[in-house]
Each structure stands twice: as structure tokens, then as C-alpha cells.
Amino acid sequence: MRHFGHISPEVRKDLFHREPADFTAGSPVRMLSAALGATLYSPATRPRLAADVIKQAGRGVVSMVLCLEDSISDADVVAAEENLVRQFAELDAHGGELPLLFVRVREPEQIPDLVRRLGGSVRFLAGFVLPKFVAGRGDAFLDAVVAAEASAAGLIGDRPLYAMPVLESPELLHLESRAETLAAIARTVDRHRDRVLALRLGVTDFCSAYGLRRSPEMTAYDIQIVAGVIADVVNVLSRADGTGFTVTGPVWEYFRHQQRLFKPQLRRSPFLEEGAEELRTTLIEHDLDGLLREIELDRANGLLGKTCIHPAHVTPVHALSVVSHEEYSDAQDILRPERGGGGVLRSAYTNKMNEVKPHRAWAERTLLRAEAFGVAREQVGFVDLLAAGIQV
């Protein structure tokens with residue numbers, strides 16, 4: 001699979017200076033963690049879940065979480081597990097290219113049990129999302145993933161079953177326990193470094209602990225108690241010194257039902273930057289202006305990818321993840337072998353200073369994102385990418 005693989009090669013050629021790379025569940029963890037993009041959540045109770053997965057794959061979704069936890073009632077867990085097994089069997093019968101599929105469980109014991117019940121269709125399972133992750137509980141979850149992987153070795157080949165812990169517990173939010181909790185989580189995930197694909201932020205749970213809820217006009221970063229936790233998670237768990245992990249952006253929970261994102265005239269001329277103001281008006285009408293600001297703030301604060309609960313959010317996340325031609329030019333200049341000794345140089349766009357040593361980690365991360373999401377052509381902007389991605 002690849003990002004923007006659902007649009008035609010001819011359109012991709014017009015959009016990209018460097019196209020997104022192909023990847024599979026067996027790709028290196030460094031690439032997969034950067035390529036998760038907009039991870040679309042869906043309750044495991046949906047009766048047409050397999051059809052939904054196939055439909056979303058055709059719309060550019062590359063990672064999905066099928067949820068057995070907070071998105072369903074406690075009384076529905078058993079039926080949801082049974083439905084999940086049936087739907088994986090349908091996916092197996094259908095074949096074809098599918099997104100990376102993860103199951104969000106409630107308890108560690110569900111992990112080996114589900115792997116056993118999935119049988120041969122476990123080959124479509126990329127891994128598990130581990131809720132309310134703290135050190136002791138996290139060890140039990142990760143040990144269960146290891147055991148499940150061993151039991152499925154003949155079915156999934158030599159690739160791992162990945163884990164994505166969700167950081168959402170009150171111990172992490174409360175100031176008096178945060179440092180100790182983060183340090184313990186860091187030790188736990190470090191022991192499973194090759195298996196932990198990304199760390200996900202449960203911002204809705206953070207807000208719940210204080211009876212808060214952000215409005216469509218506000219980003220997670222406008223809620224100071226939440227912004228403080230995000231900063232501390234990145235500080236401890238996402239350092240650029242080789243010890244860090246990918247941390248994904250929080251969920252955007254607003255959408256409008258049964259409304260198209262684009263007006264017809266934008267659909268007819270998808271590559272015109274003159275449509276930018278009209279597009280912005282359309283996005284505001286659909287409660288997505290806040291989403292766009294939050295995605296930009298996610299990246300500025302060291303987060304990559306985003307939890308999504310509505311398909312309309314996927315393409316904006318992916319469009320804003322594409323590396324601009326200017327970013328790519330700067331990153332390449334900084335990482336040229338002859339720059340190894342450091343120094344300062346003027347950017348090729350002649351609008352900024354590139355200082356080789358301080359900007360090196362940024363450049364490395366930028367080129368990794370370029371591999372996953374591609375590099376836009378010089379005159380191609382967010383509007384072009386968004387319009388092309390949603391036209392299909």
C-alpha cells in the first residue's frame with residue numbers, strides 16, 4: 001500500500017516531486033510508524049465491518065483500529081468479539097489490499113484468545129491497541145502480544161504483531177504522579193522497542209478527568225492542562241536521540257453527518273490554488289477549520305499521524321503530512337555529506353537560515369515523512385493535495 005495510492009498515477013505525477021513509497025505490514029518499524037497517517041477507528045460491533053474496511057481502503061485509508069473498548073457497550077463485548085472473527089473471515093475470503101488493521105482490546109487476556117479464534121485470517125492483523133497504558137498493566141498487555149505472536153508464527157510469517165499503547169490514564173494527567181508514571185512507561189516500552197509501533201494520546205480521557213470538552217473552535221493545545229501533558233509525553237517519550245517513539249495526534253471529535261466536504265466547482269477543478277479561500281470557507285462550515293489548525297500544531301509539537309473517528313478527517317491529515325518542496329530542499333541541503341562538519345547556510349529558497357547541526361534531527365525526520373507521504377511539487381499546495389485525495 002501507499003499514501004495517495006487510491007488516486008491515478010497521472011494525477012500523482014502532477015502532484016508529487018517524489019511520490020510516497022510502498023509499504024506493507026512487514027516493512028521496517030521506523031517506516032511503518034511514520035506511515036500510519038490518519039488511523040480510522042471503527043466499533044467492532046458494525047455488522048458490515050469487512051465491507052467498511054474494504055471501502056475505506058479504496059478511499060486512501062492505510063490504518064484502522066477495530067475497537068472492542070470504549071466505543072462499545074460493556075454488554076456488547078462478547079458479541080463484538082464474535083463479529084470481529086466473522087468479519088476477518090470475510091476479509092480473508094475477499095482478499096486484496098487492506099489497511100493495517102489493529103484491534104483495540106480491553107484486557108490482556110483478549111489478545112491470545114482473539115488470535116486463536118481468528119485462525120488463518122490473523123494474517124490480516126497488524127497488531128493491538130492497548131488502552132489505559134501504565135507500567136504494570138502495560139507489561140501484562142505486551143507479554144500477551146508476545147505470546148499471541150508466538151502462537152501465530154506460522155500464519156503471520158516473520159513479522160511481529162505490533163502494539164500501540166494509549167496514554168490516557170489519570171496517573172499520567174495528575175501532576176504529582178506524572179513524572180514517575182512517564183519514567184515507568186518509558187522503561188516498559190523500551191523493553192519492547194521493536195514491537196511498539198507508536199504511542200497514542202487519549203485526550204478525550206484527559207479532558208474527562210476534569211469534566212472538560214473542547215469546542216470545534218479550540219484545539220487540544222488550547223486546553224492548557226491537556227497541552228501540558230502532551231508536552232511532557234513528547235519530552236520523555238519522543239526524543240530525537242534514538243530513544244524516542246512516534247507519538248500520534250489526539251482525536252478530533254467533530255463532524256457533520258452526511259455532508260460532502262467539497263462544493264461541486266472545487267471537484268471540477270482540483271488543482272487551482274484560486275480555490276483556496278472557497279475551500280477554507282467550506283472547511284469552516286464543516287467544522288474542519290479547527291482540525292486543520294490542530295494537525296499543524298500536532299506536527300509543530302513533535303506528533304505524527306492522528307486518531308480519527310470519521311472518514312472525512314482522513315484526507316486532511318494526509319494532505320498536511322505531505323512534505324513541501326521547500327521543506328524537502330532544506331532537509332536535503334542540511335544532510336549533504338559535505339555538511340557533516342556543521343556550519344550555517346542560506347536555504348535554496350533564500351528565506352531562512354539552515355544551521356546544520358541543530359537542524360539535523362529535523363531534517364532526518366522530514367526525509368522519513370517524505371518517504372511515507374511524498375514530496376509535493378514546487379507549486380503544489382495543501383488545497384491541491386486535499387482536492388485530489390477526496391475526488392476519488
# chains A, B, ... in the order shown; residues from 1 in each chain; ligands from 1
>>> closest_atom_pairs(of="region 201-258 of chain A", to="region 132-145 of chain A", cutoff="12 Å", atoms="only C-alpha atoms", output="CSV")
residue,atom,partner,partner_atom,distance
A:Leu201,CA,A:Lys132,CA,9.8
A:Gly202,CA,A:Lys132,CA,8.3
A:Val203,CA,A:Lys132,CA,11.4
A:Thr204,CA,A:Lys132,CA,11.9
A:Asp205,CA,A:Lys132,CA,9.2
A:Phe206,CA,A:Lys132,CA,10.9
>>> write_last_selection(atoms="N, CA, C and O atoms", output="short mmCIF file (atom, residue, chain, number, x, y, z; two decimals), in the first residue's frame")
data_model
loop_
_atom_site.label_atom_id
_atom_site.label_comp_id
_atom_site.auth_asym_id
_atom_site.auth_seq_id
_atom_site.Cartn_x
_atom_site.Cartn_y
_atom_site.Cartn_z
N LEU A 201 -2.28 9.15 22.07
CA LEU A 201 -2.73 10.01 23.16
C LEU A 201 -4.25 9.96 23.30
O LEU A 201 -4.98 10.19 22.32
N GLY A 202 -4.72 9.66 24.51
CA GLY A 202 -6.16 9.62 24.78
C GLY A 202 -6.63 10.93 25.38
O GLY A 202 -6.95 11.00 26.57
N VAL A 203 -6.70 11.96 24.58
CA VAL A 203 -7.01 13.30 25.08
C VAL A 203 -8.45 13.40 25.58
O VAL A 203 -8.74 14.15 26.52
N THR A 204 -9.37 12.62 25.00
CA THR A 204 -10.75 12.65 25.50
C THR A 204 -10.80 12.20 26.95
O THR A 204 -11.52 12.77 27.77
N ASP A 205 -10.02 11.18 27.31
CA ASP A 205 -9.97 10.72 28.69
C ASP A 205 -9.32 11.77 29.60
O ASP A 205 -9.73 11.95 30.75
N PHE A 206 -8.29 12.44 29.09
CA PHE A 206 -7.67 13.52 29.86
C PHE A 206 -8.71 14.59 30.21
O PHE A 206 -8.80 15.04 31.35
#
>>> residues_around(residues="Pro112 (chain A)", least_positions_apart="5", cutoff="9 Å", atoms="only C-alpha atoms", output="MDAnalysis selection string")
chainID A and resid 117 144:145 147:149 151
>>> write_last_selection(atoms="N, CA and C atoms", output="mmCIF file, in the first residue's frame")
data_model
loop_
_atom_site.group_PDB
_atom_site.id
_atom_site.type_symbol
_atom_site.label_atom_id
_atom_site.label_comp_id
_atom_site.auth_asym_id
_atom_site.auth_seq_id
_atom_site.Cartn_x
_atom_site.Cartn_y
_atom_site.Cartn_z
ATOM 1 N N ARG A 117 -8.804 -17.471 17.885
ATOM 2 C CA ARG A 117 -10.103 -17.555 17.222
ATOM 3 C C ARG A 117 -10.064 -17.049 15.787
ATOM 4 N N ALA A 144 1.251 -10.387 26.623
ATOM 5 C CA ALA A 144 0.181 -11.082 25.904
ATOM 6 C C ALA A 144 0.379 -10.984 24.394
ATOM 7 N N VAL A 145 0.844 -9.829 23.914
ATOM 8 C CA VAL A 145 1.114 -9.680 22.481
ATOM 9 C C VAL A 145 2.254 -10.611 22.059
ATOM 10 N N ALA A 147 3.117 -13.468 23.457
ATOM 11 C CA ALA A 147 2.609 -14.841 23.461
ATOM 12 C C ALA A 147 1.712 -15.098 22.253
ATOM 13 N N ALA A 148 0.867 -14.125 21.914
ATOM 14 C CA ALA A 148 -0.020 -14.287 20.768
ATOM 15 C C ALA A 148 0.765 -14.384 19.466
ATOM 16 N N GLU A 149 1.798 -13.588 19.357
ATOM 17 C CA GLU A 149 2.644 -13.639 18.160
ATOM 18 C C GLU A 149 3.293 -15.013 18.006
ATOM 19 N N SER A 151 2.183 -17.835 19.055
ATOM 20 C CA SER A 151 1.181 -18.835 18.678
ATOM 21 C C SER A 151 0.759 -18.702 17.221
#
>>> residues_around(residues="Ala152 (chain A)", least_positions_apart="5", cutoff="12 Å", atoms="only C-alpha atoms", output="PyMOL selection string")
chain A and resi 111-127+145-147+157-161
>>> atom_distance(atom1="CA of Thr39 (chain A)", atom2="CA of Lys306 (chain A)")
6.1 Å
>>> closest_residue(among="A:Val11, A:Val344, A:Ala80, A:Ala209", to="Ser42 (chain A)", atoms="only C-alpha atoms")
A:Ala80
>>> select_by_dssp(residues="region 76-249 of chain A", states="helix (DSSP H, G or I)", output="ChimeraX atom specification")
/A:76-94,110-124,135-151,153-156,170-173,175-190,203-208,220-222,224-237
>>> write_last_selection(atoms="C-alpha atoms", output="compact mmCIF listing (two decimals), in the first residue's frame")
# COMPACT_ATOMS: atom_id res chain seq x y z
CA ASP A 76 -21.75 -5.91 23.70
CA VAL A 77 -18.18 -7.16 24.16
CA VAL A 78 -18.87 -10.87 23.59
CA ALA A 79 -20.99 -10.21 20.51
CA ALA A 80 -18.39 -7.75 19.20
CA GLU A 81 -15.62 -10.35 19.51
CA GLU A 82 -17.73 -12.87 17.61
CA ASN A 83 -18.49 -10.28 14.94
CA LEU A 84 -14.80 -9.41 14.66
CA VAL A 85 -13.89 -13.04 13.97
CA ARG A 86 -16.63 -13.30 11.31
CA GLN A 87 -15.58 -10.06 9.64
CA PHE A 88 -11.92 -11.10 9.47
CA ALA A 89 -13.04 -14.32 7.78
CA GLU A 90 -14.91 -12.20 5.22
CA LEU A 91 -11.81 -10.13 4.60
CA ASP A 92 -9.84 -13.34 4.12
CA ALA A 93 -12.35 -14.57 1.55
CA HIS A 94 -12.35 -11.22 -0.26
CA GLN A 110 -8.37 -10.98 24.98
CA ILE A 111 -5.21 -10.84 22.88
CA PRO A 112 -4.16 -14.52 22.69
CA ASP A 113 -7.82 -15.57 22.69
CA LEU A 114 -8.64 -13.43 19.65
CA VAL A 115 -5.52 -14.55 17.78
CA ARG A 116 -6.52 -18.18 18.36
CA ARG A 117 -10.10 -17.55 17.22
CA LEU A 118 -9.05 -15.65 14.10
CA GLY A 119 -7.28 -18.70 12.72
CA GLY A 120 -5.78 -18.17 9.27
CA SER A 121 -7.31 -14.70 8.91
CA VAL A 122 -4.88 -13.48 11.59
CA ARG A 123 -2.56 -12.74 8.66
CA PHE A 124 -4.57 -9.53 8.15
CA ALA A 135 3.77 0.32 33.55
CA GLY A 136 2.31 -2.69 35.40
CA ARG A 137 -0.77 -3.04 33.22
CA GLY A 138 1.38 -2.36 30.18
CA ASP A 139 3.73 -5.25 30.93
CA ALA A 140 0.78 -7.64 31.04
CA PHE A 141 -0.52 -6.31 27.71
CA LEU A 142 2.86 -6.53 25.97
CA ASP A 143 3.55 -10.02 27.31
CA ALA A 144 0.18 -11.08 25.90
CA VAL A 145 1.11 -9.68 22.48
CA VAL A 146 4.41 -11.60 22.57
CA ALA A 147 2.61 -14.84 23.46
CA ALA A 148 -0.02 -14.29 20.77
CA GLU A 149 2.64 -13.64 18.16
CA ALA A 150 4.42 -16.88 19.05
CA SER A 151 1.18 -18.84 18.68
CA ALA A 153 4.09 -17.55 13.91
CA GLY A 154 3.19 -19.99 11.17
CA LEU A 155 0.40 -17.72 9.94
CA ILE A 156 1.93 -14.23 10.02
CA PRO A 170 -5.25 9.70 35.33
CA GLU A 171 -1.80 8.88 36.73
CA LEU A 172 -0.33 10.46 33.62
CA LEU A 173 -2.55 13.51 33.85
CA LEU A 175 0.89 16.46 38.22
CA GLU A 176 2.01 14.67 41.40
CA SER A 177 2.30 11.28 39.63
CA ARG A 178 3.16 12.32 36.06
CA ALA A 179 6.97 12.20 36.13
CA GLU A 180 7.09 8.80 37.83
CA THR A 181 4.39 7.41 35.51
CA LEU A 182 6.16 8.63 32.39
CA ALA A 183 9.51 7.22 33.52
CA ALA A 184 7.93 3.82 34.20
CA ILE A 185 6.15 3.83 30.83
CA ALA A 186 9.45 4.69 29.14
CA ARG A 187 11.16 1.69 30.74
CA THR A 188 8.28 -0.60 29.78
CA VAL A 189 8.08 0.36 26.11
CA ASP A 190 11.87 0.40 25.77
CA VAL A 203 -7.01 13.30 25.08
CA THR A 204 -10.75 12.65 25.50
CA ASP A 205 -9.97 10.72 28.69
CA PHE A 206 -7.67 13.52 29.86
CA CYS A 207 -10.49 16.03 29.45
CA SER A 208 -12.95 13.68 31.14
CA ALA A 220 -6.23 20.31 22.18
CA TYR A 221 -3.40 22.82 22.63
CA ASP A 222 -5.86 25.50 23.78
CA GLN A 224 -3.73 24.07 28.96
CA ILE A 225 -3.94 21.01 31.19
CA VAL A 226 -4.00 18.80 28.08
CA ALA A 227 -1.27 20.76 26.32
CA GLY A 228 0.95 20.28 29.35
CA VAL A 229 0.56 16.50 29.24
CA ILE A 230 1.26 16.39 25.50
CA ALA A 231 4.43 18.40 26.02
CA ASP A 232 5.62 16.10 28.80
CA VAL A 233 4.86 12.94 26.79
CA VAL A 234 6.89 14.27 23.87
CA ASN A 235 9.65 15.40 26.25
CA VAL A 236 10.11 11.94 27.76
CA LEU A 237 8.97 9.54 25.04
